[in-house]
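S.K.: Before we start, here is the structure in question, set down as structure tokens.
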Amino acid sequence: MAKWGEGDPRWIVEERPDATNVNNWHWTEKNASFWSQNLLRELLNDLTIEGEIGQHKESDTEIEGTAEIPNLSEENDPSEVDVNVSVTTTDIFSEQLKDLMRTIGTQKIREKLAEYIKRLKDEFSQGMILPTKEQAKTTSNVMKVTPSKQVYTASDDNVERKAVRLDLTELNMTESFKCKAEEFFRALTIKEMVQAFTQGPCQLELTEGGKFSLFDGNVYGTFVELIPNEKIVQKWRFKNWPSGHYSDVILEIIEREDSTEVKLTQKGVPRNELEQTREGWKNYYWQSMKRVFGFGAMLF
């Protein structure tokens, strides 16, 4: 249990300068399920545990079992996380393997979970902990104005129009997939296929101006242009980007002799969101599509 005054800042109610939420109840909730599932797969899949387990070292026998983690939480230190190991057989080799997993295996798993907890706090929780009134005063004294390429203005005629400046940049990526151009296009435009690699419900209106929404509404926008098997253009944004700001996403699909090359150009990305956006495309689009549909394996 946390000591008085040392709790998670997201759960502490303090006076806010911007009147966010009634009566200053300003905690924020974000669904981390999808993000966590993908990161844990990345960290734990193909994890190798090595150690001496007697005669079984030279055996070809396969032993199946499970490692259950019942108390994984960012509030727990990784050393406090339980790893409950069980096997489906009861011979001496199974018991030796279970002992190996309870010792060296548990240590290796906790190391991976420590990385998960750190990235949960550093990456997923960005923007959730808001400054208090006193912090805002301190920050305002050292803020610097950075020129930008785009200006947004308030639309309320009853208030003075104020400019909100964003420092924007461009994201460029090229990825190769072992599939036909038609297969890649279908993976991004067929609802059942999109739901398969995003692991959740989605909204797709496949017309110019049609809306789309993925990842529990954390990514959404509209389709600008759809050229089957060749090109997809979207107005695209993260839910936590400044209100009303969309980037321009262009996906060029080029079928090669033994693969399909996809060129991503994304204009208008807030500079402080560039790396998070890049990692999002890499982990939640490209790698997930390759894993689910086999686009990372040779199919021709």
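How things are named: the first chain in the structure tokens is A, the next is B, and so on; residues count from 1 in each chain; ligands count from 1 in the order shown.
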Within 12 Å of A:Ala114, counting only C-alpha atoms, which residues show up once you throw out same-chain ones fewer than 2 positions away? Write them as a ChimeraX atom specification, please.
M.R.: /A:40,43-44,72-81,107-112,116-121
S.K.: Skipping near chain neighbours, those fewer than 6 positions away, what residues fall within 12 Å of A:Ile250 using only C-alpha atoms, listed as a ChimeraX atom specification?
M.R.: /A:170-174,223-227,230-236,262-268
S.K.: Run DSSP on the backbone and give me the residues of stretch 194-252 of chain A it puts in alpha helix (DSSP H), as a list in words.
M.R.: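 Taking stretch 194-252 of chain A and keeping alpha helix (DSSP H) gives Val194, Gln195, Ala196, Phe197 and Thr198 of chain A.
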S.K.: Would you save the residues from that selection as an mmCIF file, in the first residue's frame, using all heavy atoms?
M.R.:
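Final output, saved to part11.cif:
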```cif
data_model
loop_
_atom_site.group_PDB
_atom_site.id
_atom_site.type_symbol
_atom_site.label_atom_id
_atom_site.label_comp_id
_atom_site.auth_asym_id
_atom_site.auth_seq_id
_atom_site.Cartn_x
_atom_site.Cartn_y
_atom_site.Cartn_z
ATOM 1 N N VAL A 194 -9.721 -6.707 -40.935
ATOM 2 C CA VAL A 194 -9.231 -5.622 -40.081
ATOM 3 C C VAL A 194 -9.420 -5.981 -38.612
ATOM 4 O O VAL A 194 -8.536 -5.774 -37.776
ATOM 5 C CB VAL A 194 -9.933 -4.296 -40.413
ATOM 6 C CG1 VAL A 194 -9.523 -3.210 -39.428
ATOM 7 C CG2 VAL A 194 -9.609 -3.864 -41.838
ATOM 8 N N GLN A 195 -10.577 -6.542 -38.286
ATOM 9 C CA GLN A 195 -10.843 -6.934 -36.901
ATOM 10 C C GLN A 195 -9.904 -8.051 -36.457
ATOM 11 O O GLN A 195 -9.565 -8.143 -35.274
ATOM 12 C CB GLN A 195 -12.303 -7.362 -36.747
ATOM 13 C CG GLN A 195 -13.269 -6.205 -36.863
ATOM 14 C CD GLN A 195 -14.729 -6.604 -36.714
ATOM 15 O OE1 GLN A 195 -15.579 -5.767 -36.407
ATOM 16 N NE2 GLN A 195 -15.036 -7.870 -36.923
ATOM 17 N N ALA A 196 -9.461 -8.878 -37.400
ATOM 18 C CA ALA A 196 -8.552 -9.972 -37.049
ATOM 19 C C ALA A 196 -7.187 -9.441 -36.628
ATOM 20 O O ALA A 196 -6.634 -9.860 -35.608
ATOM 21 C CB ALA A 196 -8.403 -10.927 -38.235
ATOM 22 N N PHE A 197 -6.610 -8.503 -37.395
ATOM 23 C CA PHE A 197 -5.262 -8.063 -37.025
ATOM 24 C C PHE A 197 -5.261 -6.954 -35.974
ATOM 25 O O PHE A 197 -4.249 -6.752 -35.293
ATOM 26 C CB PHE A 197 -4.443 -7.660 -38.267
ATOM 27 C CG PHE A 197 -4.661 -6.270 -38.787
ATOM 28 C CD1 PHE A 197 -4.051 -5.174 -38.200
ATOM 29 C CD2 PHE A 197 -5.460 -6.041 -39.911
ATOM 30 C CE1 PHE A 197 -4.227 -3.890 -38.701
ATOM 31 C CE2 PHE A 197 -5.649 -4.766 -40.415
ATOM 32 C CZ PHE A 197 -5.032 -3.689 -39.813
ATOM 33 N N THR A 198 -6.391 -6.236 -35.805
ATOM 34 C CA THR A 198 -6.470 -5.242 -34.731
ATOM 35 C C THR A 198 -7.023 -5.847 -33.447
ATOM 36 O O THR A 198 -6.986 -5.203 -32.404
ATOM 37 C CB THR A 198 -7.355 -4.051 -35.135
ATOM 38 O OG1 THR A 198 -8.694 -4.508 -35.384
ATOM 39 C CG2 THR A 198 -6.808 -3.355 -36.367
#
```
S.K.: Select, from A:Glu183, A:Glu68, A:Glu279, A:Glu115, the residue with the minimum atom-to-atom distance to A:Val85, counting only C-alpha atoms.
M.R.: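 For A:Val85, the nearest of the candidates is A:Glu68.
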S.K.: Check the DSSP output for the backbone and give back, as a list in words, the residues of stretch 158-209 of chain A in strand (DSSP E).
M.R.: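 Across stretch 158-209 of chain A, those assigned strand (DSSP E) are Ala163, Val164, Arg165, Leu166, Leu168, Thr169, Glu170, Leu171, Asn172, Met173, Thr174, Glu175, Ser176, Phe177, Gln203 and Leu204 of chain A.
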S.K.: Need the shell around A:Arg271: protein/DNA/RNA residues with any atom at most 9 Å away, counting only C-alpha atoms. Skip same-chain ones fewer than 6 positions apart. Format as a ChimeraX atom specification?
M.R.: /A:166-170
S.K.: State, in Å with one decimal place, the distance from atom CA of A:Val292 to atom CA of A:Ala187.
M.R.: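 According to the coordinates, atom CA of A:Val292 and atom CA of A:Ala187 are separated by 10.3 Å.
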S.K.: Which polymer residues have any atom within 12 Å of an atom of A:Leu214, counting only C-alpha atoms, with same-chain residues fewer than 6 positions away left out, as a list in words?
M.R.: Phe34, Leu188, Thr189, Lys191, Val194, Gln195, Ala196, Phe197, Thr198, Gln199, Gly200, Pro201, Cys202, Gln203, Leu204, Tyr220, Gly221, Thr222, Trp236, Arg237, Phe238, Lys239, Tyr284 and Tyr285 of chain A
S.K.: So, with only C-alpha atoms as the atoms that count, which of A:Glu42, A:Glu192, A:Glu182, A:Glu257 lies closest to A:Asn229?
M.R.: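 Answer, going by the shortest atom-to-atom distance: A:Glu182.
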